[in-house]
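Participant: For reference, the structure I am asking about is given below.
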Amino acid sequence: MRKRQVVVRREEPQRSVRSVKYGECQKNHAANVGGYAVDGCREFMASGGEGTSAALTCAACGCHRNFHKRMVETEVVCECSSPPSIGT
């Protein structure tokens with residue numbers, strides 16, 4: 001049996017920048033009576049500074065950050081070593 005050599009080419013690692021934003025509140029305030037009602041809070045606003053326990057509480061509606069819709073935006077940053085071709 002012959003051995004084969006496999007060459008794996010790796011591309012340059014791409015860097016990505018992620019930003020997380022919390023949107024409208026989705027907490028069901030009428031769950032205990034069998035209904036469905038949300039408070040209408042449009043966007044999460046932290047009650048306190050970064051790193052404190054108040055940073056997880058919404059200043060507008062008073063609920064925890066986990067009840068707000070999480071939106072992750074990812075931007076891929078490419079550091080290409082070759083200049084872009086023009087007019088090809």
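Convention: chains lettered A, B, ... in structure tokens order; per-chain residue numbering from 1; ligands numbered from 1 as shown.
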Set the distance at 6 Å and use only C-alpha atoms: which residues neighbour range 65-72 of chain A once local chain neighbours fewer than 2 positions away are removed? I'd like the list as an mmCIF file with all heavy atoms, in the first residue's frame.
Facilitator:
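Dumped to result_28.cif:
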```
data_model
loop_
_atom_site.group_PDB
_atom_site.id
_atom_site.type_symbol
_atom_site.label_atom_id
_atom_site.label_comp_id
_atom_site.auth_asym_id
_atom_site.auth_seq_id
_atom_site.Cartn_x
_atom_site.Cartn_y
_atom_site.Cartn_z
ATOM 1 N N SER A 19 -21.082 43.013 16.313
ATOM 2 C CA SER A 19 -21.731 43.936 17.232
ATOM 3 C C SER A 19 -23.118 43.386 17.555
ATOM 4 O O SER A 19 -23.821 42.904 16.679
ATOM 5 C CB SER A 19 -21.824 45.339 16.642
ATOM 6 O OG SER A 19 -22.640 45.332 15.492
ATOM 7 N N VAL A 20 -23.462 43.427 18.825
ATOM 8 C CA VAL A 20 -24.745 42.901 19.291
ATOM 9 C C VAL A 20 -25.612 44.078 19.720
ATOM 10 O O VAL A 20 -25.171 44.957 20.445
ATOM 11 C CB VAL A 20 -24.555 41.921 20.463
ATOM 12 C CG1 VAL A 20 -25.901 41.422 20.962
ATOM 13 C CG2 VAL A 20 -23.678 40.763 20.050
ATOM 14 N N LYS A 21 -26.846 44.080 19.237
ATOM 15 C CA LYS A 21 -27.801 45.123 19.576
ATOM 16 C C LYS A 21 -29.086 44.433 20.020
ATOM 17 O O LYS A 21 -29.446 43.385 19.488
ATOM 18 C CB LYS A 21 -28.058 45.983 18.333
ATOM 19 C CG LYS A 21 -28.929 47.170 18.567
ATOM 20 C CD LYS A 21 -29.057 47.980 17.281
ATOM 21 C CE LYS A 21 -29.987 49.141 17.486
ATOM 22 N NZ LYS A 21 -30.206 49.893 16.263
ATOM 23 N N TYR A 22 -29.751 44.983 21.007
ATOM 24 C CA TYR A 22 -30.990 44.397 21.508
ATOM 25 C C TYR A 22 -32.157 45.282 21.101
ATOM 26 O O TYR A 22 -32.166 46.475 21.380
ATOM 27 C CB TYR A 22 -30.929 44.234 23.031
ATOM 28 C CG TYR A 22 -29.910 43.203 23.443
ATOM 29 C CD1 TYR A 22 -28.600 43.560 23.725
ATOM 30 C CD2 TYR A 22 -30.256 41.865 23.508
ATOM 31 C CE1 TYR A 22 -27.661 42.610 24.065
ATOM 32 C CE2 TYR A 22 -29.328 40.906 23.855
ATOM 33 C CZ TYR A 22 -28.031 41.289 24.132
ATOM 34 O OH TYR A 22 -27.107 40.337 24.473
ATOM 35 N N GLY A 23 -33.141 44.684 20.441
ATOM 36 C CA GLY A 23 -34.277 45.414 19.899
ATOM 37 C C GLY A 23 -35.484 45.387 20.823
ATOM 38 O O GLY A 23 -35.360 45.477 22.040
ATOM 39 N N GLU A 24 -36.653 45.214 20.218
ATOM 40 C CA GLU A 24 -37.919 45.323 20.956
ATOM 41 C C GLU A 24 -38.081 44.222 22.003
ATOM 42 O O GLU A 24 -37.551 43.134 21.872
ATOM 43 C CB GLU A 24 -39.106 45.304 19.997
ATOM 44 C CG GLU A 24 -39.319 43.997 19.264
ATOM 45 C CD GLU A 24 -38.555 43.893 17.945
ATOM 46 O OE1 GLU A 24 -37.822 44.822 17.607
ATOM 47 O OE2 GLU A 24 -38.703 42.864 17.281
ATOM 48 N N CYS A 25 -38.833 44.564 23.029
ATOM 49 C CA CYS A 25 -39.092 43.639 24.131
ATOM 50 C C CYS A 25 -40.141 42.622 23.693
ATOM 51 O O CYS A 25 -41.152 42.969 23.096
ATOM 52 C CB CYS A 25 -39.580 44.405 25.357
ATOM 53 S SG CYS A 25 -39.852 43.347 26.793
ATOM 54 N N GLN A 26 -39.908 41.343 24.018
ATOM 55 C CA GLN A 26 -40.821 40.278 23.640
ATOM 56 C C GLN A 26 -41.411 39.563 24.853
ATOM 57 O O GLN A 26 -41.931 38.472 24.739
ATOM 58 C CB GLN A 26 -40.088 39.276 22.740
ATOM 59 C CG GLN A 26 -39.611 39.905 21.459
ATOM 60 C CD GLN A 26 -38.808 38.937 20.615
ATOM 61 O OE1 GLN A 26 -38.231 37.987 21.111
ATOM 62 N NE2 GLN A 26 -38.789 39.189 19.323
ATOM 63 N N LYS A 27 -41.344 40.201 26.017
ATOM 64 C CA LYS A 27 -41.873 39.590 27.234
ATOM 65 C C LYS A 27 -43.401 39.598 27.203
ATOM 66 O O LYS A 27 -44.023 40.619 26.942
ATOM 67 C CB LYS A 27 -41.390 40.353 28.463
ATOM 68 C CG LYS A 27 -41.847 39.730 29.769
ATOM 69 C CD LYS A 27 -41.276 40.468 30.959
ATOM 70 C CE LYS A 27 -41.753 39.824 32.240
ATOM 71 N NZ LYS A 27 -41.220 40.530 33.414
ATOM 72 N N LEU A 56 -27.998 45.046 32.926
ATOM 73 C CA LEU A 56 -28.831 43.991 32.342
ATOM 74 C C LEU A 56 -30.318 44.283 32.455
ATOM 75 O O LEU A 56 -31.138 43.500 31.990
ATOM 76 C CB LEU A 56 -28.509 42.647 33.004
ATOM 77 C CG LEU A 56 -27.063 42.172 32.875
ATOM 78 C CD1 LEU A 56 -26.870 40.889 33.663
ATOM 79 C CD2 LEU A 56 -26.682 41.983 31.428
ATOM 80 N N THR A 57 -30.677 45.398 33.067
ATOM 81 C CA THR A 57 -32.074 45.779 33.244
ATOM 82 C C THR A 57 -32.402 46.934 32.305
ATOM 83 O O THR A 57 -31.657 47.900 32.221
ATOM 84 C CB THR A 57 -32.340 46.211 34.699
ATOM 85 O OG1 THR A 57 -31.937 45.152 35.569
ATOM 86 C CG2 THR A 57 -33.797 46.511 34.923
#
```
Participant: Would you list the contacts of Gly48 in chain A as a list of chain:residue names, taking every protein, DNA or RNA residue within 12 Å and counting only C-alpha atoms, but skipping same-chain residues closer than 5 positions in sequence?
Facilitator: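 In the requested form, the answer reads A:Ser53, A:Ala54, A:Ala55, A:Leu56, A:Thr57, A:Cys58, A:Ala59, A:Gly62.
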Participant: Using all heavy atoms, can you export the residues from the last selection as an mmCIF file, in the first residue's frame?
Facilitator:
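Okay, result12.cif is ready:
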```cif
data_model
loop_
_atom_site.group_PDB
_atom_site.id
_atom_site.type_symbol
_atom_site.label_atom_id
_atom_site.label_comp_id
_atom_site.auth_asym_id
_atom_site.auth_seq_id
_atom_site.Cartn_x
_atom_site.Cartn_y
_atom_site.Cartn_z
ATOM 1 N N SER A 53 -24.736 45.205 37.630
ATOM 2 C CA SER A 53 -25.944 44.382 37.488
ATOM 3 C C SER A 53 -27.083 45.188 36.862
ATOM 4 O O SER A 53 -27.988 44.628 36.246
ATOM 5 C CB SER A 53 -26.377 43.820 38.839
ATOM 6 O OG SER A 53 -26.692 44.881 39.724
ATOM 7 N N ALA A 54 -27.052 46.504 37.003
ATOM 8 C CA ALA A 54 -28.093 47.349 36.406
ATOM 9 C C ALA A 54 -27.960 47.431 34.888
ATOM 10 O O ALA A 54 -28.908 47.822 34.213
ATOM 11 C CB ALA A 54 -28.028 48.746 37.006
ATOM 12 N N ALA A 55 -26.821 47.041 34.344
ATOM 13 C CA ALA A 55 -26.626 47.065 32.898
ATOM 14 C C ALA A 55 -27.472 46.019 32.188
ATOM 15 O O ALA A 55 -27.673 46.087 30.976
ATOM 16 C CB ALA A 55 -25.155 46.849 32.556
ATOM 17 N N LEU A 56 -27.998 45.046 32.926
ATOM 18 C CA LEU A 56 -28.831 43.991 32.342
ATOM 19 C C LEU A 56 -30.318 44.283 32.455
ATOM 20 O O LEU A 56 -31.138 43.500 31.990
ATOM 21 C CB LEU A 56 -28.509 42.647 33.004
ATOM 22 C CG LEU A 56 -27.063 42.172 32.875
ATOM 23 C CD1 LEU A 56 -26.870 40.889 33.663
ATOM 24 C CD2 LEU A 56 -26.682 41.983 31.428
ATOM 25 N N THR A 57 -30.677 45.398 33.067
ATOM 26 C CA THR A 57 -32.074 45.779 33.244
ATOM 27 C C THR A 57 -32.402 46.934 32.305
ATOM 28 O O THR A 57 -31.657 47.900 32.221
ATOM 29 C CB THR A 57 -32.340 46.211 34.699
ATOM 30 O OG1 THR A 57 -31.937 45.152 35.569
ATOM 31 C CG2 THR A 57 -33.797 46.511 34.923
ATOM 32 N N CYS A 58 -33.537 46.829 31.613
ATOM 33 C CA CYS A 58 -33.957 47.863 30.669
ATOM 34 C C CYS A 58 -34.515 49.068 31.431
ATOM 35 O O CYS A 58 -35.353 48.913 32.319
ATOM 36 C CB CYS A 58 -35.006 47.322 29.707
ATOM 37 S SG CYS A 58 -35.529 48.508 28.459
ATOM 38 N N ALA A 59 -34.045 50.264 31.076
ATOM 39 C CA ALA A 59 -34.516 51.481 31.733
ATOM 40 C C ALA A 59 -35.933 51.841 31.289
ATOM 41 O O ALA A 59 -36.671 52.477 32.025
ATOM 42 C CB ALA A 59 -33.575 52.640 31.425
ATOM 43 N N GLY A 62 -38.122 47.945 32.348
ATOM 44 C CA GLY A 62 -37.790 47.326 33.625
ATOM 45 C C GLY A 62 -37.532 45.840 33.594
ATOM 46 O O GLY A 62 -37.298 45.234 34.632
#
```
Participant: For the helix (DSSP H, G or I) assignment from backbone DSSP, which residues of range 27-61 of chain A qualify? Please present them as a PyMOL selection string.
Facilitator: chain A and resi 31-33+53-56
Participant: Work out how far apart CA of Ala60 in chain A and CA of Ala37 in chain A are and give it in Å to one decimal.
Facilitator: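 Spanning CA of Ala60 in chain A to CA of Ala37 in chain A is a straight-line distance of 16.4 Å.
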Participant: Could you tell me how far CA of Asn28 in chain A lies from CA of Met45 in chain A, in Å and to one decimal?
Facilitator: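 These two atoms are separated by 18.6 Å.
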Participant: How would you write, as a ChimeraX atom specification, the set of residues in chain A that DSSP gives as strand (DSSP E or B)?
Facilitator: /A:15-25,46,57-58,64,68-77
Participant: For the residues in the current selection, export N, CA and C atoms as a PDB file, in the first residue's frame.
Facilitator:
```pdb
ATOM      1  N   ARG A  15     -10.794  38.483   9.407  1.00  0.00           N
ATOM      2  CA  ARG A  15     -11.193  39.084  10.673  1.00  0.00           C
ATOM      3  C   ARG A  15     -12.625  39.554  10.541  1.00  0.00           C
ATOM      4  N   SER A  16     -13.385  39.296  11.565  1.00  0.00           N
ATOM      5  CA  SER A  16     -14.769  39.733  11.543  1.00  0.00           C
ATOM      6  C   SER A  16     -15.050  40.561  12.799  1.00  0.00           C
ATOM      7  N   VAL A  17     -15.852  41.563  12.599  1.00  0.00           N
ATOM      8  CA  VAL A  17     -16.237  42.449  13.690  1.00  0.00           C
ATOM      9  C   VAL A  17     -17.704  42.181  13.984  1.00  0.00           C
ATOM     10  N   ARG A  18     -17.998  41.801  15.237  1.00  0.00           N
ATOM     11  CA  ARG A  18     -19.373  41.504  15.628  1.00  0.00           C
ATOM     12  C   ARG A  18     -19.880  42.580  16.569  1.00  0.00           C
ATOM     13  N   SER A  19     -21.082  43.013  16.313  1.00  0.00           N
ATOM     14  CA  SER A  19     -21.731  43.936  17.232  1.00  0.00           C
ATOM     15  C   SER A  19     -23.118  43.386  17.555  1.00  0.00           C
ATOM     16  N   VAL A  20     -23.462  43.427  18.825  1.00  0.00           N
ATOM     17  CA  VAL A  20     -24.745  42.901  19.291  1.00  0.00           C
ATOM     18  C   VAL A  20     -25.612  44.078  19.720  1.00  0.00           C
ATOM     19  N   LYS A  21     -26.846  44.080  19.237  1.00  0.00           N
ATOM     20  CA  LYS A  21     -27.801  45.123  19.576  1.00  0.00           C
ATOM     21  C   LYS A  21     -29.086  44.433  20.020  1.00  0.00           C
ATOM     22  N   TYR A  22     -29.751  44.983  21.007  1.00  0.00           N
ATOM     23  CA  TYR A  22     -30.990  44.397  21.508  1.00  0.00           C
ATOM     24  C   TYR A  22     -32.157  45.282  21.101  1.00  0.00           C
ATOM     25  N   GLY A  23     -33.141  44.684  20.441  1.00  0.00           N
ATOM     26  CA  GLY A  23     -34.277  45.414  19.899  1.00  0.00           C
ATOM     27  C   GLY A  23     -35.484  45.387  20.823  1.00  0.00           C
ATOM     28  N   GLU A  24     -36.653  45.214  20.218  1.00  0.00           N
ATOM     29  CA  GLU A  24     -37.919  45.323  20.956  1.00  0.00           C
ATOM     30  C   GLU A  24     -38.081  44.222  22.003  1.00  0.00           C
ATOM     31  N   CYS A  25     -38.833  44.564  23.029  1.00  0.00           N
ATOM     32  CA  CYS A  25     -39.092  43.639  24.131  1.00  0.00           C
ATOM     33  C   CYS A  25     -40.141  42.622  23.693  1.00  0.00           C
ATOM     34  N   ALA A  46     -29.861  50.231  28.722  1.00  0.00           N
ATOM     35  CA  ALA A  46     -29.329  49.777  30.002  1.00  0.00           C
ATOM     36  C   ALA A  46     -29.591  50.801  31.092  1.00  0.00           C
ATOM     37  N   THR A  57     -30.677  45.398  33.067  1.00  0.00           N
ATOM     38  CA  THR A  57     -32.074  45.779  33.244  1.00  0.00           C
ATOM     39  C   THR A  57     -32.402  46.934  32.305  1.00  0.00           C
ATOM     40  N   CYS A  58     -33.537  46.829  31.613  1.00  0.00           N
ATOM     41  CA  CYS A  58     -33.957  47.863  30.669  1.00  0.00           C
ATOM     42  C   CYS A  58     -34.515  49.068  31.431  1.00  0.00           C
ATOM     43  N   HIS A  64     -35.501  42.166  32.123  1.00  0.00           N
ATOM     44  CA  HIS A  64     -34.133  41.730  31.869  1.00  0.00           C
ATOM     45  C   HIS A  64     -33.816  41.815  30.378  1.00  0.00           C
ATOM     46  N   HIS A  68     -35.400  40.896  25.387  1.00  0.00           N
ATOM     47  CA  HIS A  68     -35.328  41.723  24.183  1.00  0.00           C
ATOM     48  C   HIS A  68     -34.729  40.925  23.026  1.00  0.00           C
ATOM     49  N   LYS A  69     -35.192  41.218  21.822  1.00  0.00           N
ATOM     50  CA  LYS A  69     -34.746  40.518  20.627  1.00  0.00           C
ATOM     51  C   LYS A  69     -33.278  40.838  20.365  1.00  0.00           C
ATOM     52  N   ARG A  70     -32.462  39.787  20.243  1.00  0.00           N
ATOM     53  CA  ARG A  70     -31.029  39.955  20.027  1.00  0.00           C
ATOM     54  C   ARG A  70     -30.736  39.980  18.530  1.00  0.00           C
ATOM     55  N   MET A  71     -30.021  41.029  18.098  1.00  0.00           N
ATOM     56  CA  MET A  71     -29.649  41.166  16.689  1.00  0.00           C
ATOM     57  C   MET A  71     -28.128  41.251  16.607  1.00  0.00           C
ATOM     58  N   VAL A  72     -27.516  40.293  15.910  1.00  0.00           N
ATOM     59  CA  VAL A  72     -26.066  40.246  15.770  1.00  0.00           C
ATOM     60  C   VAL A  72     -25.704  40.698  14.361  1.00  0.00           C
ATOM     61  N   GLU A  73     -24.854  41.701  14.284  1.00  0.00           N
ATOM     62  CA  GLU A  73     -24.374  42.187  12.994  1.00  0.00           C
ATOM     63  C   GLU A  73     -22.905  41.817  12.874  1.00  0.00           C
ATOM     64  N   THR A  74     -22.557  41.086  11.804  1.00  0.00           N
ATOM     65  CA  THR A  74     -21.185  40.651  11.587  1.00  0.00           C
ATOM     66  C   THR A  74     -20.652  41.304  10.328  1.00  0.00           C
ATOM     67  N   GLU A  75     -19.498  41.936  10.443  1.00  0.00           N
ATOM     68  CA  GLU A  75     -18.852  42.569   9.305  1.00  0.00           C
ATOM     69  C   GLU A  75     -17.505  41.899   9.102  1.00  0.00           C
ATOM     70  N   VAL A  76     -17.260  41.374   7.889  1.00  0.00           N
ATOM     71  CA  VAL A  76     -16.010  40.694   7.584  1.00  0.00           C
ATOM     72  C   VAL A  76     -15.023  41.726   7.051  1.00  0.00           C
ATOM     73  N   VAL A  77     -13.876  41.795   7.699  1.00  0.00           N
ATOM     74  CA  VAL A  77     -12.830  42.724   7.299  1.00  0.00           C
ATOM     75  C   VAL A  77     -11.731  41.910   6.634  1.00  0.00           C
TER      76      VAL A  77
END
```
